[in-house]
Protein chains: 2
Amino acid sequence: MKTNVIVGQSGGPTAAINASLAGVIRGAMEQAEIGEIYGALNGIQGLLAEQIIDLRKSMKNAEDFDRLAATPAMALGSCRFKMPSAPDAAYDKILEIFQKYNIGMFFYIGGNDSMDTVKQLSAFFKEKNVDIRCVGVPKTIDNDLPLTDHTPGFASAAKYVATSIAEIYRDSSVYDMFSVIIVEIMGRNAGWLTASAALARDTGCAAPQLIYVPEKAFDPDDFINRVSEYSKKNQLLIVAVSEGIKLANGEYVSASGTAVDAFGHKMLSGTGKYLEDLVKEKLGCKVRSLELSVLQRAASHIASGTDISEAQRIGREGVLAAARGETGIMMAFNRISQSPYLVSISGVPIEKCANLEKEIPDDWMNENGCDVNENMMEYLRPLVVGRPPYFEKNGMQEFFALDKTIVKA
Amino acid sequence: MKTNVIVGQSGGPTAAINASLAGVIRGAMEQAEIGEIYGALNGIQGLLAEQIIDLRKSMKNAEDFDRLAATPAMALGSCRFKMPSAPDAAYDKILEIFQKYNIGMFFYIGGNDSMDTVKQLSAFFKEKNVDIRCVGVPKTIDNDLPLTDHTPGFASAAKYVATSIAEIYRDSSVYDMFSVIIVEIMGRNAGWLTASAALARDTGCAAPQLIYVPEKAFDPDDFINRVSEYSKKNQLLIVAVSEGIKLANGEYVSASGTAVDAFGHKMLSGTGKYLEDLVKEKLGCKVRSLELSVLQRAASHIASGTDISEAQRIGREGVLAAARGETGIMMAFNRISQSPYLVSISGVPIEKCANLEKEIPDDWMNENGCDVNENMMEYLRPLVVGRPPYFEKNGMQEFFALDKTIVKA
């Protein structure tokens with residue numbers, strides 16, 4: 001008798017998360033032992049409400065995999081649901097639904113919290129002695145999951161960030177005067193995405209000249225000194241800063257100051273805005289800040305070809321691992337060669353990655369803590385190479401939509 | 001004896017302004033009567049300082065034209081120099097330099113202020129009875145120059161804006177809750193670029209559901225009512241708003257409120273931020289604002305193929321017009337067919353476009369003034385079609401750099 005599988009997506013959007021979904025569907029379709037390929041809408045939350053669709057129905061020809069892969073943000077929808085740390089009624093309900101739908105494999109594409117779900121469920125199923133294999137497929141623009149060289153979604157966001165910084169540099173360098181531009185980039189605890197701004201230099205510009213990440217305490221006086229020194233002999237200074245940088249006392253920089261909104265409410269000013277105000281206050285030079293905001297998460301129009309291709313591969317490999325009998329794992333990239341760039345994919349124990357964060361190694365930043373060094377550049381470069389298949393109609397992207405008809409077991 | 005020509009760029013950056021430069025160089029190279037092809041660095045300002053380069057030197061093979069065209073923001077540098085309204089020493093100096101370099105044709109690629117320069121200089125040369133032909137090549141993301149169907153640079157910015165809105169919509173629609181996103185788009189007096197956000201709907205999404213342009217007085221109460229009504233039956237509301245919208249009393253919305261920066265200084269909150277604060281204050285629902293900022297000006301990575309191709313054509317046609325003896329003109333597009341989309345290019349009298357702004361026609365907006373209608377959609381659609389040649393190395397854009405060796409006459 002064939003076994004059915006189910007896949008869900010969770011956490012924050014990326015440009016590559018549907019590529020992993022396409023990979024899971026492709027992998028499952030290739031396995032003769034797999035029957036139905038279900039999708040859970042809005043992750044575990046939708047699963048609990050039996051919001052389940054039939055994914056085979058959506059894939060009508062070979063190009064549909066590329067079309068799904070080119071579509072940013074969860075095609076299945078997302079949730080922010082954290083499994084209780086001890087099994088409760090939700091666990092029993094999931095098991096009941098899985099048995100009702102004859103599910104033998106569960107794939108969850110997501111970040112830290114989603115890997116925790118995989119960990120909890122795989123342990124619960126082992127404890128209950130049922131053969132439902134649980135495999136985590138990583139995705140996060142933060143690139144902060146351990147035991148994998150990098151995470152799908154990161155490289156596309158990195159390419160967007162670096163491309164935007166290079167264009168901002170070109171845009172602002174046309175005038176003959178000194179100015180400072182502060183670009184705030186996502187990342188509460190890990191600075192990988194902010195570090196990737198350094199790739200802009202490969203276009204031949206000096207920017208970003210300063211890079212501030214959460215891993216290093218931020219010193220406002222040192223920052224102002226550097227801006228002041230730089231202004232003496234240069235025209236344009238671009239600062240890449242993580243939203244999550246903290247002062248030496250551990251306080252978020254964005255919580256400093258006393259910014260007040262248009263209605264007089266005290267507010268967090270935003271890290272970039274705070275640095276802008278600081279430069280204006282201390283140096284009085286021309287300065288502006290901008291946030292890449294949610295734009296950096298789902299910018300499929302400038303996705304990395306390497307990322308989209310790898311995201312499909314890792315999804316497919318997740319199915320192969322489950323079919324081999326593996327469970328309680330997260331699929332991971334292992335960089336086996338730098339030149340040419342090559343990765344292998346295998347499962348790593350989920351308990352060694354769930355709820356843990358990978359920070360930038362100390363020796364990938366330079367000594368003053370406000371720039372990356374060549375270790376980081378070598379790491380980043382191959383990840384952003386290439387452009388994936390792209391679909392456009394009348395100048396606008398074509399997004400692939402799944403058939404969301406709810407199925408009954 | 002051959003005549004020499006000079007070209008300059010001025011105003012704010014666009015993704016297409018170097019495509020027009022490539023077109024001017026190509027057009028000039030094709031004319032047997034033209035000798036040297038000079039470029040003025042930083043527009044009129046650099047010209048006055050004799051910062052002049054030899055553009056033939058930079059173009060070594062046919063692909064170089066495409067490479068220059070794919071490079072955003074002025075390759076020659078820009079300036080914000082307004083010619084005095086009555087001829088003064090600067091006029092004499094320019095004439096002296098033009099005669100010294102044997103310049104017979106002057107091409108200025110820019111927006112409103114640059115067209116004023118063309119107007120003043122062509123009148124001055126006529127008055128002085130010297131045959132130096134002055135031709136304006138339009139560019140502005142604002143699309144606000146009269147007598148031309150549209151302006152180079154606008155469509156690429158429009159494509160960036162609409163693509164970003166479509167991706168923001170996908171990004172934010174993965175969760176199952178109501179939220180409002182306000183996207184602030186450039187445009188002080190004309191709302192063309194904000195209107196182009198409507199193209200996002202061609203990807204199949206409902207966003208942006210509200211569009212506010214400077215041409216229509218903004219009514220905060222009506223806005224809040226609409227958001228409130230929409231929230232009752234929908235999940236995600238995206239508002240596209242021009243930075244330059246004004247209240248009925250003519251005051252800029254961005255000047256409302258009493259926002260205070262991190263150091264206690266009163267500041268303009270930004271139009272999007274003000275609307276965000278307004279929604280938070282009046283409705284208390286989840287709301288965030290973001291500015292597309294300078295990102296929208298020079299985003300060559302998502303340029304419109306139509307735009308980049310037309311920008312080259314209009315630059316080349318400018319040279320042909322000057323070679324025919326025309327002067328005191330701005331080159332303009334005339335849409336001669338909508339389906340298939342076709343434009344012709346000819347010169348229009350510069351005094352009929354310099355210092356004038358083209359606003360959105362009243363009957364291109366719907367009655368309630370907060371959305372565009374099908375007239376606008378038909379106008380916009382063909383402009384964003386296609387992807388231009390794109391050059392990438394190791395995943396990063398390759399920008400073309402001119403040989404900036406200063407020449408002596």
# chains A, B, ... in the order shown; residues from 1 in each chain; ligands from 1
$ residues_around --residues "Glu398 (chain B)" --least-positions-apart "4" --cutoff "12 Å" --atoms "only C-alpha atoms" --output "compact mmCIF listing (two decimals) with all heavy atoms, in the first residue's frame"
# COMPACT_ATOMS: atom_id res chain seq x y z
N THR A 163 22.67 44.25 -4.56
CA THR A 163 22.30 44.95 -5.80
C THR A 163 21.71 46.32 -5.47
O THR A 163 22.04 47.32 -6.12
CB THR A 163 21.28 44.11 -6.59
OG1 THR A 163 21.90 42.85 -6.92
CG2 THR A 163 20.86 44.79 -7.88
N ALA A 166 24.47 48.70 -4.40
CA ALA A 166 25.27 49.13 -5.56
C ALA A 166 24.51 50.20 -6.35
O ALA A 166 25.09 51.18 -6.82
CB ALA A 166 25.59 47.93 -6.46
N GLU A 167 23.20 50.02 -6.49
CA GLU A 167 22.39 51.01 -7.23
C GLU A 167 22.25 52.29 -6.43
O GLU A 167 22.26 53.39 -7.01
CB GLU A 167 21.03 50.40 -7.59
CG GLU A 167 21.15 49.33 -8.69
CD GLU A 167 19.85 48.62 -9.04
OE1 GLU A 167 18.87 48.74 -8.27
OE2 GLU A 167 19.81 47.92 -10.06
N ARG A 170 25.43 54.18 -6.94
CA ARG A 170 25.47 54.85 -8.25
C ARG A 170 24.54 56.05 -8.26
O ARG A 170 24.88 57.12 -8.77
CB ARG A 170 25.09 53.89 -9.38
CG ARG A 170 26.25 53.04 -9.87
CD ARG A 170 26.04 52.56 -11.30
NE ARG A 170 26.06 53.63 -12.26
CZ ARG A 170 27.15 54.13 -12.84
NH1 ARG A 170 28.33 53.65 -12.55
NH2 ARG A 170 27.05 55.11 -13.71
N ALA A 200 28.30 44.33 -2.90
CA ALA A 200 28.13 45.50 -3.78
C ALA A 200 29.48 45.97 -4.30
O ALA A 200 29.59 46.50 -5.40
CB ALA A 200 27.43 46.64 -3.04
N ARG A 201 30.53 45.74 -3.51
CA ARG A 201 31.87 46.19 -3.93
C ARG A 201 32.34 45.48 -5.19
O ARG A 201 33.18 46.00 -5.91
CB ARG A 201 32.87 45.93 -2.80
CG ARG A 201 32.58 46.76 -1.57
CD ARG A 201 33.57 46.43 -0.45
NE ARG A 201 33.05 46.91 0.81
CZ ARG A 201 33.27 46.35 2.00
NH1 ARG A 201 34.03 45.27 2.07
NH2 ARG A 201 32.75 46.86 3.09
N ASP A 202 31.78 44.30 -5.45
CA ASP A 202 32.18 43.58 -6.66
C ASP A 202 31.68 44.29 -7.92
O ASP A 202 32.04 43.90 -9.03
CB ASP A 202 31.66 42.13 -6.62
CG ASP A 202 32.52 41.27 -5.68
OD1 ASP A 202 33.57 41.76 -5.21
OD2 ASP A 202 32.14 40.12 -5.43
N THR A 203 30.84 45.31 -7.77
CA THR A 203 30.43 46.11 -8.95
C THR A 203 31.43 47.23 -9.19
O THR A 203 31.26 48.02 -10.12
CB THR A 203 29.04 46.74 -8.76
OG1 THR A 203 29.10 47.72 -7.71
CG2 THR A 203 27.99 45.71 -8.42
N GLY A 204 32.44 47.33 -8.33
CA GLY A 204 33.46 48.35 -8.54
C GLY A 204 33.30 49.58 -7.67
O GLY A 204 34.04 50.56 -7.84
N CYS A 205 32.36 49.58 -6.74
CA CYS A 205 32.19 50.74 -5.87
C CYS A 205 32.81 50.46 -4.50
O CYS A 205 33.12 49.32 -4.16
CB CYS A 205 30.72 51.13 -5.72
SG CYS A 205 29.73 49.99 -4.75
N ASP B 64 29.40 47.58 -26.07
CA ASP B 64 29.60 48.67 -25.11
C ASP B 64 28.38 49.59 -25.04
O ASP B 64 28.10 50.18 -23.99
CB ASP B 64 30.85 49.48 -25.46
CG ASP B 64 32.13 48.73 -25.10
OD1 ASP B 64 32.04 47.72 -24.38
OD2 ASP B 64 33.22 49.16 -25.55
N ASP B 66 25.23 48.62 -25.31
CA ASP B 66 24.29 47.94 -24.42
C ASP B 66 24.75 48.00 -22.97
O ASP B 66 23.95 48.09 -22.04
CB ASP B 66 24.12 46.47 -24.84
CG ASP B 66 23.18 46.32 -26.03
OD1 ASP B 66 22.40 47.25 -26.30
OD2 ASP B 66 23.23 45.27 -26.68
N ARG B 67 26.06 47.90 -22.77
CA ARG B 67 26.59 47.93 -21.40
C ARG B 67 26.39 49.31 -20.77
O ARG B 67 26.04 49.42 -19.60
CB ARG B 67 28.07 47.56 -21.39
CG ARG B 67 28.31 46.08 -21.67
CD ARG B 67 29.79 45.72 -21.60
NE ARG B 67 29.94 44.29 -21.73
CZ ARG B 67 29.91 43.43 -20.71
NH1 ARG B 67 29.76 43.89 -19.48
NH2 ARG B 67 30.02 42.14 -20.91
N LEU B 68 26.62 50.34 -21.56
CA LEU B 68 26.38 51.70 -21.06
C LEU B 68 24.89 51.87 -20.79
O LEU B 68 24.48 52.40 -19.74
CB LEU B 68 26.87 52.73 -22.09
CG LEU B 68 26.58 54.21 -21.78
CD1 LEU B 68 27.16 54.62 -20.41
CD2 LEU B 68 27.14 55.11 -22.88
N ALA B 69 24.06 51.38 -21.72
CA ALA B 69 22.60 51.53 -21.57
C ALA B 69 22.07 50.80 -20.34
O ALA B 69 21.06 51.20 -19.76
CB ALA B 69 21.89 51.03 -22.83
N ALA B 70 22.75 49.74 -19.92
CA ALA B 70 22.29 48.94 -18.78
C ALA B 70 22.78 49.49 -17.45
O ALA B 70 22.46 48.96 -16.39
CB ALA B 70 22.77 47.50 -18.95
N THR B 71 23.56 50.56 -17.51
CA THR B 71 24.17 51.13 -16.29
C THR B 71 23.32 52.29 -15.79
O THR B 71 23.09 53.24 -16.53
CB THR B 71 25.60 51.60 -16.61
OG1 THR B 71 26.36 50.46 -17.03
CG2 THR B 71 26.25 52.24 -15.41
N PRO B 72 22.83 52.22 -14.54
CA PRO B 72 21.93 53.27 -14.07
C PRO B 72 22.67 54.52 -13.58
O PRO B 72 23.86 54.44 -13.29
CB PRO B 72 21.23 52.60 -12.88
CG PRO B 72 22.27 51.69 -12.32
CD PRO B 72 23.06 51.19 -13.52
N SER B 300 18.20 49.55 -12.18
CA SER B 300 18.40 49.00 -13.53
C SER B 300 18.19 47.49 -13.55
O SER B 300 17.96 46.92 -14.61
CB SER B 300 19.80 49.33 -14.03
OG SER B 300 20.76 48.81 -13.16
N HIS B 301 18.26 46.83 -12.38
CA HIS B 301 18.12 45.37 -12.38
C HIS B 301 16.70 44.95 -12.75
O HIS B 301 16.49 43.77 -13.05
CB HIS B 301 18.56 44.78 -11.04
CG HIS B 301 17.61 45.05 -9.91
ND1 HIS B 301 17.68 46.18 -9.13
CD2 HIS B 301 16.57 44.33 -9.43
CE1 HIS B 301 16.73 46.13 -8.22
NE2 HIS B 301 16.04 45.02 -8.38
N PRO B 389 18.89 44.04 -22.26
CA PRO B 389 20.14 43.29 -22.03
C PRO B 389 20.67 43.59 -20.63
O PRO B 389 20.56 44.73 -20.16
CB PRO B 389 21.08 43.84 -23.10
CG PRO B 389 20.18 44.34 -24.18
CD PRO B 389 18.96 44.86 -23.48
N TYR B 390 21.17 42.57 -19.97
CA TYR B 390 21.59 42.68 -18.57
C TYR B 390 22.94 42.01 -18.44
O TYR B 390 23.16 40.94 -18.98
CB TYR B 390 20.55 41.99 -17.69
CG TYR B 390 20.76 42.16 -16.20
CD1 TYR B 390 20.38 43.33 -15.56
CD2 TYR B 390 21.32 41.14 -15.44
CE1 TYR B 390 20.55 43.49 -14.19
CE2 TYR B 390 21.49 41.28 -14.07
CZ TYR B 390 21.09 42.46 -13.45
OH TYR B 390 21.28 42.60 -12.09
N PHE B 391 23.85 42.64 -17.73
CA PHE B 391 25.22 42.12 -17.62
C PHE B 391 25.55 41.86 -16.16
O PHE B 391 25.41 42.74 -15.32
CB PHE B 391 26.20 43.10 -18.25
CG PHE B 391 25.91 43.38 -19.69
CD1 PHE B 391 25.05 44.41 -20.06
CD2 PHE B 391 26.42 42.56 -20.69
CE1 PHE B 391 24.73 44.64 -21.39
CE2 PHE B 391 26.11 42.78 -22.02
CZ PHE B 391 25.25 43.83 -22.38
N GLU B 392 25.99 40.65 -15.90
CA GLU B 392 26.24 40.24 -14.52
C GLU B 392 27.54 39.46 -14.47
O GLU B 392 27.84 38.69 -15.38
CB GLU B 392 25.06 39.35 -14.09
CG GLU B 392 24.93 39.17 -12.61
CD GLU B 392 23.69 38.37 -12.20
OE1 GLU B 392 22.60 38.93 -12.16
OE2 GLU B 392 23.87 37.17 -11.94
N LYS B 393 28.30 39.68 -13.40
CA LYS B 393 29.52 38.90 -13.20
C LYS B 393 29.54 38.44 -11.75
O LYS B 393 29.40 39.27 -10.85
CB LYS B 393 30.75 39.78 -13.51
CG LYS B 393 32.02 38.98 -13.65
CD LYS B 393 33.18 39.88 -14.02
CE LYS B 393 34.49 39.17 -13.79
NZ LYS B 393 35.63 40.08 -13.93
N ASN B 394 29.70 37.16 -11.52
CA ASN B 394 29.65 36.61 -10.16
C ASN B 394 28.40 37.05 -9.40
O ASN B 394 28.45 37.34 -8.21
CB ASN B 394 30.90 37.01 -9.36
CG ASN B 394 32.15 36.38 -9.91
OD1 ASN B 394 32.11 35.26 -10.43
ND2 ASN B 394 33.26 37.08 -9.81
$ residues_around --residues "region 221-229 of chain B" --least-positions-apart "3" --cutoff "10 Å" --atoms "only C-alpha atoms" --output "ChimeraX atom specification"
/B:179-180,209-210,212,218,232-234,237-239,275,278-279,282-283,285,368,370
$ write_last_selection --atoms "all heavy atoms" --output "compact mmCIF listing (two decimals), in the first residue's frame"
# COMPACT_ATOMS: atom_id res chain seq x y z
N SER B 179 -4.05 43.61 7.89
CA SER B 179 -3.02 44.61 8.11
C SER B 179 -3.00 45.60 6.96
O SER B 179 -3.53 45.33 5.88
CB SER B 179 -1.65 43.94 8.30
OG SER B 179 -1.20 43.39 7.08
N VAL B 180 -2.42 46.75 7.25
CA VAL B 180 -2.34 47.83 6.26
C VAL B 180 -0.88 48.13 5.99
O VAL B 180 -0.07 48.19 6.92
CB VAL B 180 -3.01 49.12 6.81
CG1 VAL B 180 -2.93 50.25 5.78
CG2 VAL B 180 -4.44 48.86 7.23
N GLN B 209 -4.96 48.88 -3.24
CA GLN B 209 -6.40 49.13 -3.25
C GLN B 209 -6.72 50.61 -3.21
O GLN B 209 -7.82 51.02 -3.57
CB GLN B 209 -7.06 48.40 -2.06
CG GLN B 209 -7.03 46.88 -2.18
CD GLN B 209 -5.79 46.26 -1.55
OE1 GLN B 209 -4.79 46.94 -1.32
NE2 GLN B 209 -5.85 44.97 -1.28
N LEU B 210 -5.78 51.40 -2.72
CA LEU B 210 -5.96 52.85 -2.69
C LEU B 210 -4.72 53.52 -3.29
O LEU B 210 -3.59 53.10 -3.01
CB LEU B 210 -6.17 53.35 -1.26
CG LEU B 210 -7.47 52.91 -0.57
CD1 LEU B 210 -7.43 53.28 0.92
CD2 LEU B 210 -8.69 53.55 -1.24
N TYR B 212 -3.12 57.43 -3.88
CA TYR B 212 -3.26 58.86 -3.61
C TYR B 212 -2.16 59.64 -4.32
O TYR B 212 -0.97 59.37 -4.11
CB TYR B 212 -3.22 59.13 -2.10
CG TYR B 212 -4.46 58.61 -1.40
CD1 TYR B 212 -4.40 57.44 -0.62
CD2 TYR B 212 -5.67 59.27 -1.53
CE1 TYR B 212 -5.55 56.96 0.01
CE2 TYR B 212 -6.82 58.79 -0.89
CZ TYR B 212 -6.75 57.64 -0.13
OH TYR B 212 -7.88 57.16 0.49
N PHE B 218 -6.01 65.50 -0.50
CA PHE B 218 -6.12 64.32 0.37
C PHE B 218 -7.03 64.64 1.55
O PHE B 218 -6.83 65.63 2.25
CB PHE B 218 -4.73 63.92 0.86
CG PHE B 218 -4.74 62.75 1.79
CD1 PHE B 218 -4.91 61.47 1.30
CD2 PHE B 218 -4.57 62.92 3.16
CE1 PHE B 218 -4.93 60.36 2.16
CE2 PHE B 218 -4.57 61.83 4.04
CZ PHE B 218 -4.75 60.56 3.53
N LYS B 232 -13.21 45.43 7.23
CA LYS B 232 -14.32 44.57 7.69
C LYS B 232 -14.44 43.29 6.90
O LYS B 232 -14.99 42.31 7.38
CB LYS B 232 -15.64 45.35 7.62
CG LYS B 232 -15.72 46.43 8.70
CD LYS B 232 -16.98 47.26 8.58
CE LYS B 232 -16.91 48.45 9.57
NZ LYS B 232 -17.83 49.52 9.19
N LYS B 233 -13.94 43.29 5.65
CA LYS B 233 -14.13 42.06 4.88
C LYS B 233 -12.88 41.60 4.15
O LYS B 233 -12.95 40.73 3.31
CB LYS B 233 -15.31 42.21 3.90
CG LYS B 233 -15.42 43.56 3.23
CD LYS B 233 -16.73 43.66 2.43
CE LYS B 233 -16.73 44.84 1.50
NZ LYS B 233 -16.57 46.15 2.12
N ASN B 234 -11.74 42.17 4.49
CA ASN B 234 -10.53 41.80 3.77
C ASN B 234 -9.34 41.63 4.71
O ASN B 234 -9.39 41.99 5.87
CB ASN B 234 -10.20 42.87 2.72
CG ASN B 234 -11.29 43.02 1.68
OD1 ASN B 234 -11.35 42.25 0.75
ND2 ASN B 234 -12.18 43.99 1.87
N LEU B 237 -4.48 45.39 3.05
CA LEU B 237 -4.74 46.62 2.30
C LEU B 237 -3.42 47.30 2.01
O LEU B 237 -2.66 47.59 2.93
CB LEU B 237 -5.64 47.54 3.12
CG LEU B 237 -5.85 48.96 2.58
CD1 LEU B 237 -6.57 48.92 1.24
CD2 LEU B 237 -6.65 49.80 3.58
N ILE B 238 -3.13 47.54 0.74
CA ILE B 238 -1.91 48.26 0.39
C ILE B 238 -2.29 49.61 -0.20
O ILE B 238 -3.12 49.71 -1.11
CB ILE B 238 -1.03 47.44 -0.57
CG1 ILE B 238 -0.54 46.17 0.16
CG2 ILE B 238 0.16 48.28 -1.05
CD1 ILE B 238 0.53 45.40 -0.56
N VAL B 239 -1.69 50.65 0.35
CA VAL B 239 -1.96 52.02 -0.08
C VAL B 239 -0.71 52.55 -0.77
O VAL B 239 0.38 52.53 -0.19
CB VAL B 239 -2.28 52.91 1.15
CG1 VAL B 239 -2.58 54.34 0.71
CG2 VAL B 239 -3.44 52.33 1.96
N LEU B 275 0.73 58.78 7.44
CA LEU B 275 -0.49 57.97 7.24
C LEU B 275 -0.47 56.75 8.16
O LEU B 275 -1.51 56.34 8.69
CB LEU B 275 -0.63 57.52 5.78
CG LEU B 275 -0.84 58.61 4.72
CD1 LEU B 275 -1.32 57.98 3.42
CD2 LEU B 275 -1.82 59.66 5.17
N LEU B 278 -1.47 57.88 11.49
CA LEU B 278 -2.90 58.21 11.46
C LEU B 278 -3.75 56.95 11.61
O LEU B 278 -4.69 56.91 12.41
CB LEU B 278 -3.21 58.92 10.13
CG LEU B 278 -4.59 59.56 9.96
CD1 LEU B 278 -4.77 60.74 10.91
CD2 LEU B 278 -4.77 60.05 8.50
N VAL B 279 -3.42 55.91 10.86
CA VAL B 279 -4.17 54.65 10.94
C VAL B 279 -4.04 54.05 12.34
O VAL B 279 -5.02 53.57 12.92
CB VAL B 279 -3.70 53.65 9.86
CG1 VAL B 279 -4.29 52.27 10.10
CG2 VAL B 279 -4.05 54.16 8.47
N LYS B 282 -6.17 56.22 14.77
CA LYS B 282 -7.62 56.21 14.60
C LYS B 282 -8.22 54.80 14.64
O LYS B 282 -9.35 54.63 15.06
CB LYS B 282 -8.01 56.86 13.25
CG LYS B 282 -7.54 58.30 13.09
CD LYS B 282 -8.31 59.26 13.96
CE LYS B 282 -7.83 60.69 13.73
NZ LYS B 282 -8.36 61.63 14.75
N LEU B 283 -7.47 53.82 14.12
CA LEU B 283 -8.06 52.48 14.00
C LEU B 283 -7.35 51.44 14.86
O LEU B 283 -7.92 50.39 15.15
CB LEU B 283 -8.04 52.04 12.52
CG LEU B 283 -8.80 52.94 11.54
CD1 LEU B 283 -8.63 52.43 10.12
CD2 LEU B 283 -10.28 53.02 11.91
N CYS B 285 -5.21 49.31 14.15
CA CYS B 285 -4.94 48.01 13.53
C CYS B 285 -3.46 47.90 13.16
O CYS B 285 -2.69 48.86 13.26
CB CYS B 285 -5.82 47.80 12.31
SG CYS B 285 -5.58 49.01 11.02
N ASN B 368 -13.85 58.92 -7.04
CA ASN B 368 -13.52 59.23 -5.65
C ASN B 368 -12.08 59.74 -5.50
O ASN B 368 -11.66 60.10 -4.41
CB ASN B 368 -13.78 58.02 -4.75
CG ASN B 368 -12.97 56.81 -5.18
OD1 ASN B 368 -11.84 56.95 -5.65
ND2 ASN B 368 -13.52 55.62 -5.02
N CYS B 370 -9.24 58.35 -5.51
CA CYS B 370 -8.20 57.56 -4.85
C CYS B 370 -7.93 56.25 -5.59
O CYS B 370 -7.54 55.26 -4.98
CB CYS B 370 -8.49 57.34 -3.38
SG CYS B 370 -10.13 56.76 -3.03
$ select_by_dssp --residues "region 249-321 of chain B" --states "helix (DSSP H, G or I)" --output "PyMOL selection string"
chain B and resi 253-255+271-283+293-296+300-302+305-321
$ residues_around --residues "Gln9 (chain B)" --least-positions-apart "3" --cutoff "8 Å" --atoms "only C-alpha atoms" --output "VMD selection string"
chain B and resid 17 40 to 43 74 76 to 79 108 to 110
$ write_last_selection --atoms "all heavy atoms" --output "compact mmCIF listing (two decimals), in the first residue's frame"
# COMPACT_ATOMS: atom_id res chain seq x y z
N ILE B 17 18.95 56.93 -18.23
CA ILE B 17 19.62 58.15 -18.71
C ILE B 17 20.92 57.82 -19.45
O ILE B 17 21.31 58.55 -20.38
CB ILE B 17 19.85 59.15 -17.55
CG1 ILE B 17 20.33 60.49 -18.09
CG2 ILE B 17 20.79 58.59 -16.49
CD1 ILE B 17 20.17 61.64 -17.12
N ALA B 40 30.44 66.34 -21.22
CA ALA B 40 30.70 67.28 -20.13
C ALA B 40 30.43 66.56 -18.81
O ALA B 40 29.33 66.03 -18.61
CB ALA B 40 29.81 68.51 -20.25
N LEU B 41 31.43 66.51 -17.93
CA LEU B 41 31.21 65.88 -16.63
C LEU B 41 30.38 66.81 -15.74
O LEU B 41 30.58 68.03 -15.75
CB LEU B 41 32.55 65.57 -15.95
CG LEU B 41 33.47 64.61 -16.71
CD1 LEU B 41 34.76 64.39 -15.91
CD2 LEU B 41 32.78 63.28 -16.98
N ASN B 42 29.44 66.23 -14.98
CA ASN B 42 28.58 67.02 -14.09
C ASN B 42 27.90 68.19 -14.79
O ASN B 42 27.87 69.32 -14.28
CB ASN B 42 29.38 67.50 -12.87
CG ASN B 42 29.85 66.34 -11.99
OD1 ASN B 42 31.04 66.04 -11.94
ND2 ASN B 42 28.93 65.65 -11.35
N GLY B 43 27.38 67.92 -15.96
CA GLY B 43 26.51 68.86 -16.66
C GLY B 43 27.14 70.22 -16.92
O GLY B 43 28.34 70.33 -17.19
N MET B 74 23.70 58.74 -13.93
CA MET B 74 24.53 59.41 -14.91
C MET B 74 25.98 58.92 -14.97
O MET B 74 26.74 59.11 -14.03
CB MET B 74 24.62 60.90 -14.59
CG MET B 74 23.34 61.63 -14.73
SD MET B 74 22.16 61.31 -13.38
CE MET B 74 20.95 62.56 -13.79
N LEU B 76 28.10 60.32 -16.78
CA LEU B 76 28.87 61.56 -16.88
C LEU B 76 28.81 62.38 -15.58
O LEU B 76 29.46 63.42 -15.47
CB LEU B 76 28.32 62.44 -18.02
CG LEU B 76 28.63 62.00 -19.45
CD1 LEU B 76 27.77 62.79 -20.45
CD2 LEU B 76 30.11 62.19 -19.78
N GLY B 77 28.02 61.93 -14.61
CA GLY B 77 27.79 62.75 -13.42
C GLY B 77 26.72 63.78 -13.69
O GLY B 77 26.34 64.01 -14.84
N SER B 78 26.20 64.37 -12.62
CA SER B 78 25.08 65.29 -12.75
C SER B 78 25.36 66.61 -12.04
O SER B 78 26.42 66.79 -11.43
CB SER B 78 23.84 64.64 -12.13
OG SER B 78 22.70 65.44 -12.36
N CYS B 79 24.43 67.53 -12.17
CA CYS B 79 24.48 68.78 -11.40
C CYS B 79 23.07 69.28 -11.21
O CYS B 79 22.13 68.78 -11.81
CB CYS B 79 25.33 69.83 -12.11
SG CYS B 79 24.59 70.47 -13.64
N TYR B 108 21.50 67.91 -24.20
CA TYR B 108 21.40 67.90 -22.74
C TYR B 108 20.29 66.92 -22.36
O TYR B 108 19.13 67.09 -22.74
CB TYR B 108 21.08 69.31 -22.24
CG TYR B 108 21.69 69.62 -20.88
CD1 TYR B 108 22.88 69.02 -20.45
CD2 TYR B 108 21.09 70.53 -20.01
CE1 TYR B 108 23.44 69.31 -19.21
CE2 TYR B 108 21.64 70.84 -18.77
CZ TYR B 108 22.81 70.22 -18.38
OH TYR B 108 23.38 70.51 -17.15
N ILE B 109 20.70 65.90 -21.60
CA ILE B 109 19.75 64.86 -21.20
C ILE B 109 19.31 65.16 -19.77
O ILE B 109 20.12 65.13 -18.85
CB ILE B 109 20.41 63.46 -21.24
CG1 ILE B 109 21.16 63.25 -22.57
CG2 ILE B 109 19.36 62.37 -21.02
CD1 ILE B 109 21.99 61.98 -22.61
N GLY B 110 18.03 65.48 -19.60
CA GLY B 110 17.59 65.82 -18.25
C GLY B 110 16.10 66.09 -18.17
O GLY B 110 15.35 65.78 -19.09
